[in-house]
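Source file: data_6.txt; contents: compact mmCIF, C-alpha atoms.
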# COMPACT_ATOMS: atom_id res chain seq x y z
CA GLY A 8 6.42 -54.17 28.35
CA GLU A 9 7.91 -53.86 24.93
CA SER A 10 6.96 -50.73 23.04
CA VAL A 11 6.08 -50.86 19.38
CA GLY A 12 6.74 -47.77 17.33
CA LEU A 13 5.39 -46.71 14.00
CA HIS A 14 7.01 -48.67 11.18
CA LEU A 15 7.47 -46.05 8.53
CA PRO A 16 7.86 -47.14 4.92
CA THR A 17 11.32 -46.40 3.55
CA LEU A 18 12.24 -45.38 0.03
CA SER A 19 15.89 -45.70 -0.96
CA VAL A 20 17.00 -43.97 -4.15
CA GLN A 21 20.28 -43.31 -5.86
CA GLU A 22 21.48 -39.73 -5.99
CA GLY A 23 20.33 -38.15 -9.22
CA ASP A 24 17.34 -40.44 -9.68
CA ASN A 25 13.75 -39.26 -9.34
CA SER A 26 11.80 -40.11 -6.18
CA ILE A 27 8.09 -40.71 -5.86
CA ILE A 28 6.52 -40.73 -2.41
CA ASN A 29 2.91 -41.85 -2.15
CA CYS A 30 0.16 -41.08 0.30
CA ALA A 31 -3.41 -42.29 0.65
CA TYR A 32 -5.80 -39.94 2.38
CA SER A 33 -9.05 -40.85 4.05
CA ASN A 34 -11.53 -37.98 3.85
CA SER A 35 -13.16 -37.28 0.51
CA ALA A 36 -14.23 -33.89 1.91
CA SER A 37 -10.61 -32.77 2.32
CA ASP A 38 -10.05 -29.70 0.18
CA TYR A 39 -6.38 -28.90 0.65
CA PHE A 40 -3.27 -31.06 0.84
CA ILE A 41 0.26 -30.33 1.97
CA TRP A 42 3.59 -32.11 1.86
CA TYR A 43 6.07 -31.57 4.68
CA LYS A 44 9.72 -32.60 4.99
CA GLN A 45 11.20 -33.32 8.40
CA GLU A 46 14.94 -33.64 8.85
CA SER A 47 16.43 -35.21 11.93
CA GLY A 48 16.15 -32.92 14.95
CA LYS A 49 14.04 -30.33 13.15
CA GLY A 50 10.39 -29.44 12.80
CA PRO A 51 8.33 -30.33 9.72
CA GLN A 52 9.07 -27.95 6.87
CA PHE A 53 6.45 -26.95 4.30
CA ILE A 54 7.34 -28.14 0.79
CA ILE A 55 4.34 -27.71 -1.46
CA ASP A 56 0.56 -27.67 -1.30
CA ILE A 57 -2.35 -28.30 -3.64
CA ARG A 58 -6.03 -27.46 -3.56
CA SER A 59 -8.65 -30.07 -4.37
CA ASN A 60 -9.69 -28.27 -7.56
CA MET A 61 -6.27 -29.05 -9.04
CA ASP A 62 -4.66 -32.34 -9.98
CA LYS A 63 -1.06 -31.21 -10.38
CA ARG A 64 1.17 -28.50 -9.03
CA GLN A 65 4.86 -27.94 -9.64
CA GLY A 66 7.51 -26.31 -7.56
CA GLN A 67 11.26 -26.24 -7.73
CA ARG A 68 12.28 -29.87 -8.34
CA VAL A 69 9.04 -31.06 -6.73
CA THR A 70 5.66 -31.94 -8.20
CA VAL A 71 2.53 -32.93 -6.31
CA LEU A 72 -0.13 -35.02 -8.01
CA LEU A 73 -3.65 -35.42 -6.65
CA ASN A 74 -6.05 -38.17 -7.68
CA LYS A 75 -9.33 -37.53 -5.92
CA THR A 76 -11.00 -40.57 -7.47
CA VAL A 77 -8.82 -42.94 -5.49
CA LYS A 78 -7.89 -40.47 -2.73
CA HIS A 79 -4.21 -40.59 -3.55
CA LEU A 80 -1.50 -37.97 -3.32
CA SER A 81 2.07 -38.23 -4.51
CA LEU A 82 5.21 -36.15 -4.23
CA GLN A 83 7.76 -36.39 -7.01
CA ILE A 84 11.29 -35.13 -6.41
CA ALA A 85 13.43 -34.69 -9.49
CA ALA A 86 17.17 -35.38 -9.43
CA THR A 87 17.17 -36.43 -5.79
CA GLN A 88 20.06 -35.08 -3.74
CA PRO A 89 21.56 -36.24 -0.43
CA GLY A 90 19.97 -33.20 1.24
CA ASP A 91 16.57 -34.60 0.36
CA SER A 92 17.05 -37.42 2.88
CA ALA A 93 14.33 -36.91 5.49
CA VAL A 94 10.90 -38.09 6.58
CA TYR A 95 8.11 -36.85 4.32
CA PHE A 96 4.58 -36.34 5.59
CA CYS A 97 1.43 -35.70 3.65
CA ALA A 98 -1.38 -33.83 5.38
CA GLU A 99 -5.02 -33.43 4.42
CA SER A 100 -7.03 -30.40 5.40
CA THR A 101 -10.77 -30.26 5.88
CA LEU A 102 -12.60 -26.99 6.39
CA LEU A 103 -14.71 -27.17 9.52
CA GLU A 104 -16.90 -24.66 11.27
CA TYR A 105 -14.05 -23.38 13.40
CA GLY A 106 -11.26 -23.53 10.87
CA ASN A 107 -9.35 -26.13 8.94
CA LYS A 108 -8.49 -29.46 10.51
CA LEU A 109 -5.16 -30.90 9.38
CA VAL A 110 -4.52 -34.63 9.64
CA PHE A 111 -0.99 -35.91 9.10
CA GLY A 112 -0.03 -39.23 7.61
CA ALA A 113 2.47 -41.49 9.33
CA GLY A 114 5.34 -40.43 7.07
CA THR A 115 7.78 -42.01 4.62
CA ILE A 116 11.53 -42.15 5.12
CA LEU A 117 13.54 -41.13 2.06
CA ARG A 118 17.16 -42.29 1.98
CA VAL A 119 19.39 -41.01 -0.77
CA LYS A 120 22.44 -43.11 -1.61
CA SER A 121 25.50 -41.36 -2.99
CA ASP B 18 10.87 -13.02 10.31
CA ALA B 19 12.77 -15.56 12.41
CA GLY B 20 10.02 -18.12 12.07
CA VAL B 21 8.23 -19.81 14.94
CA ILE B 22 10.38 -19.66 18.07
CA GLN B 23 10.21 -22.29 20.78
CA SER B 24 11.95 -22.55 24.12
CA PRO B 25 13.55 -24.42 25.64
CA ARG B 26 14.89 -26.64 22.85
CA HIS B 27 15.60 -29.45 25.29
CA GLU B 28 14.13 -30.13 28.70
CA VAL B 29 15.02 -32.94 31.07
CA THR B 30 13.00 -33.18 34.24
CA GLU B 31 11.94 -35.65 36.88
CA MET B 32 8.55 -37.23 37.18
CA GLY B 33 6.16 -35.04 39.12
CA GLN B 34 7.76 -31.75 38.17
CA GLU B 35 5.99 -28.98 36.32
CA VAL B 36 7.10 -28.33 32.75
CA THR B 37 6.37 -25.17 30.77
CA LEU B 38 7.01 -24.98 27.05
CA ARG B 39 6.95 -21.64 25.27
CA CYS B 40 6.15 -20.51 21.76
CA LYS B 41 6.32 -17.28 19.80
CA PRO B 42 4.36 -17.57 16.54
CA ILE B 43 5.16 -15.76 13.32
CA SER B 44 4.05 -12.14 13.47
CA GLY B 45 0.72 -11.68 11.70
CA HIS B 46 -0.35 -15.29 11.97
CA ASN B 47 -3.73 -15.67 13.64
CA SER B 48 -3.70 -19.40 14.33
CA LEU B 49 -1.42 -21.31 16.68
CA PHE B 50 -1.13 -25.06 17.15
CA TRP B 51 0.60 -27.32 19.64
CA TYR B 52 1.59 -30.78 18.42
CA ARG B 53 3.27 -33.75 20.06
CA GLN B 54 5.43 -36.20 18.13
CA THR B 55 6.37 -39.67 19.34
CA MET B 56 7.49 -42.84 17.62
CA MET B 57 4.40 -44.61 18.91
CA ARG B 58 1.77 -42.14 17.74
CA GLY B 59 3.39 -39.90 15.16
CA LEU B 60 2.38 -36.25 15.00
CA GLU B 61 -0.71 -35.43 17.08
CA LEU B 62 -2.55 -32.14 17.41
CA LEU B 63 -2.96 -31.19 21.06
CA ILE B 64 -4.69 -27.82 20.85
CA TYR B 65 -5.49 -25.08 18.36
CA PHE B 66 -5.92 -21.36 19.03
CA ASN B 67 -7.48 -18.88 16.64
CA ASN B 68 -7.09 -15.18 17.44
CA ASN B 69 -5.77 -16.20 20.90
CA VAL B 70 -8.91 -18.21 21.72
CA PRO B 71 -8.69 -22.00 22.22
CA ILE B 72 -10.87 -23.52 19.51
CA ASP B 73 -10.16 -27.23 19.68
CA ASP B 74 -8.48 -28.85 22.68
CA SER B 75 -9.81 -32.35 22.05
CA GLY B 76 -6.26 -33.60 21.56
CA MET B 77 -5.05 -32.61 25.02
CA PRO B 78 -4.33 -35.96 26.70
CA GLU B 79 -5.64 -35.22 30.17
CA ASP B 80 -6.05 -32.56 32.81
CA ARG B 81 -2.34 -32.53 33.51
CA PHE B 82 -1.95 -30.63 30.24
CA SER B 83 -2.98 -27.00 29.85
CA ALA B 84 -2.28 -24.32 27.26
CA LYS B 85 -2.67 -20.58 27.23
CA MET B 86 -2.31 -17.81 24.71
CA PRO B 87 -2.40 -14.50 26.58
CA ASN B 88 -1.63 -12.47 23.47
CA ALA B 89 -0.99 -12.86 19.75
CA SER B 90 2.75 -13.29 20.19
CA PHE B 91 3.04 -15.83 22.97
CA SER B 92 1.70 -19.20 24.03
CA THR B 93 2.58 -21.75 26.71
CA LEU B 94 1.96 -25.45 27.10
CA LYS B 95 2.17 -26.66 30.68
CA ILE B 96 2.34 -30.19 32.03
CA GLN B 97 1.76 -30.58 35.76
CA PRO B 98 2.68 -33.06 37.09
CA SER B 99 4.85 -34.53 34.34
CA GLU B 100 5.13 -38.29 33.79
CA PRO B 101 7.66 -40.39 31.83
CA ARG B 102 5.05 -41.12 29.15
CA ASP B 103 4.96 -37.38 28.37
CA SER B 104 8.46 -37.67 26.90
CA ALA B 105 8.20 -36.52 23.28
CA VAL B 106 9.03 -33.69 20.95
CA TYR B 107 6.53 -30.86 21.26
CA PHE B 108 6.05 -28.59 18.27
CA CYS B 109 4.38 -25.25 17.99
CA ALA B 110 3.11 -24.14 14.58
CA SER B 111 1.35 -21.04 13.30
CA SER B 112 -0.57 -20.06 10.19
CA PHE B 113 -2.68 -17.32 8.70
CA GLY B 114 -6.08 -18.50 7.62
CA PRO B 115 -6.57 -21.93 6.01
CA SER B 116 -2.98 -22.28 4.86
CA GLY B 117 -0.10 -24.62 5.55
CA ARG B 118 1.23 -24.45 9.04
CA LEU B 119 4.79 -23.33 9.69
CA PHE B 120 6.44 -25.30 12.45
CA GLY B 121 8.95 -24.30 15.07
CA PRO B 122 12.09 -26.34 15.81
CA GLY B 123 10.41 -28.22 18.65
CA THR B 124 11.15 -28.88 22.31
CA ARG B 125 12.50 -32.32 23.14
CA LEU B 126 11.10 -33.25 26.55
CA THR B 127 12.49 -36.10 28.62
CA VAL B 128 10.75 -36.98 31.85
CA LEU B 129 12.80 -39.34 34.03
Mind turning this structure into structure tokens?
Amino acid sequence: GESVGLHLPTLSVQEGDNSIINCAYSNSASDYFIWYKQESGKGPQFIIDIRSNMDKRQGQRVTVLLNKTVKHLSLQIAATQPGDSAVYFCAESTLLEYGNKLVFGAGTILRVKS
Amino acid sequence: DAGVIQSPRHEVTEMGQEVTLRCKPISGHNSLFWYRQTMMRGLELLIYFNNNVPIDDSGMPEDRFSAKMPNASFSTLKIQPSEPRDSAVYFCASSFGPSGRLFGPGTRLTVL
């Protein structure tokens, strides 16, 4: 039969513009959130993380915003470059008895146009 | 540190054959994870070890899959017998404590 794959949302931006990638998480008990970048043929690469007691954290060219009220996470990339083209995953972490459980979102494709 | 090391990077095998995937976590990390990534299901956690002990194997698809971690620097994921639907990219990741996981480059498995 015909297989149906995940249909990932795609964000296309012009080189030099800012990118905003959004993620909705499901568990209000999640206490730690991570953004990963996955380039073609490679494993997910850690970008930035944020704890639930914060609402904003900045890195180099990246900012993560957390809105716990609506369970929403966003990744902002400033001055997007062609090398930023990849699939971006958010992940939510919940501390359980045996350790922290990490649940990944489906991912968003970022395409940077030169 | 060279990061998480996985081998082989690519594996092509025939249905029914045994497949063994290998992982060397980052030195000092006490947690190791095996994930599977497919277009159909995205990134799925198969099993999680903490201090070499399997803690959560609820993601292991069926008895054909098994994983071991004989010491802090080595883990294997075995599929026996392999089936075409096992074709995927298998990632190993490691971490220290409740922190972000660092992923290896993955093993692309094709079962014909």
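Across the model, the gap from atom CA of Thr37 of chain B to atom CA of Lys95 of chain B is 4.5 Å.
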Open item on the list: Near chain B, meaning an atom within 9 Å, which residues of chain A appear when counting all atoms listed in the file? Write them as a PyMOL selection string.
Closed with: chain A and resi 10-14+39-41+48-53+55-56+100+102+105-114
- [ ] Could you check which of B:Ala105, B:Thr127, B:Val29, B:Trp51 is closest to Asp74 of chain B, using only C-alpha atoms?
- [x]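 Selected residue with least distance to Asp74 of chain B: B:Trp51.
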TODO: For atom CA of Ser99 of chain B and atom CA of Glu35 of chain B, quote the distance in Å rounded to one decimal.
DONE: 6.0 Å
Task: Of the listed residues A:His79, A:Ala93, A:Asn34, A:Ile54, that which approaches Gln67 of chain A most closely, counting all atoms listed in the file - done: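 When distances to Gln67 of chain A are compared using all atoms listed in the file, the smallest one comes from A:Ile54.
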Task: Separation of atom CA of Asp80 of chain B from atom CA of Arg26 of chain B, in Å and rounded to one decimal - done: 23.9 Å
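Among the candidates A:Gln21, A:Thr70, A:Thr76, A:Ser121, the residue lying nearest to Ala36 of chain A is A:Thr76 (atoms considered: all atoms listed in the file).
The nearest approach to Asp103 of chain B among the residues B:His46, B:Thr30, B:Asn69, B:Ile64, with only C-alpha atoms taken into account, belongs to B:Thr30.
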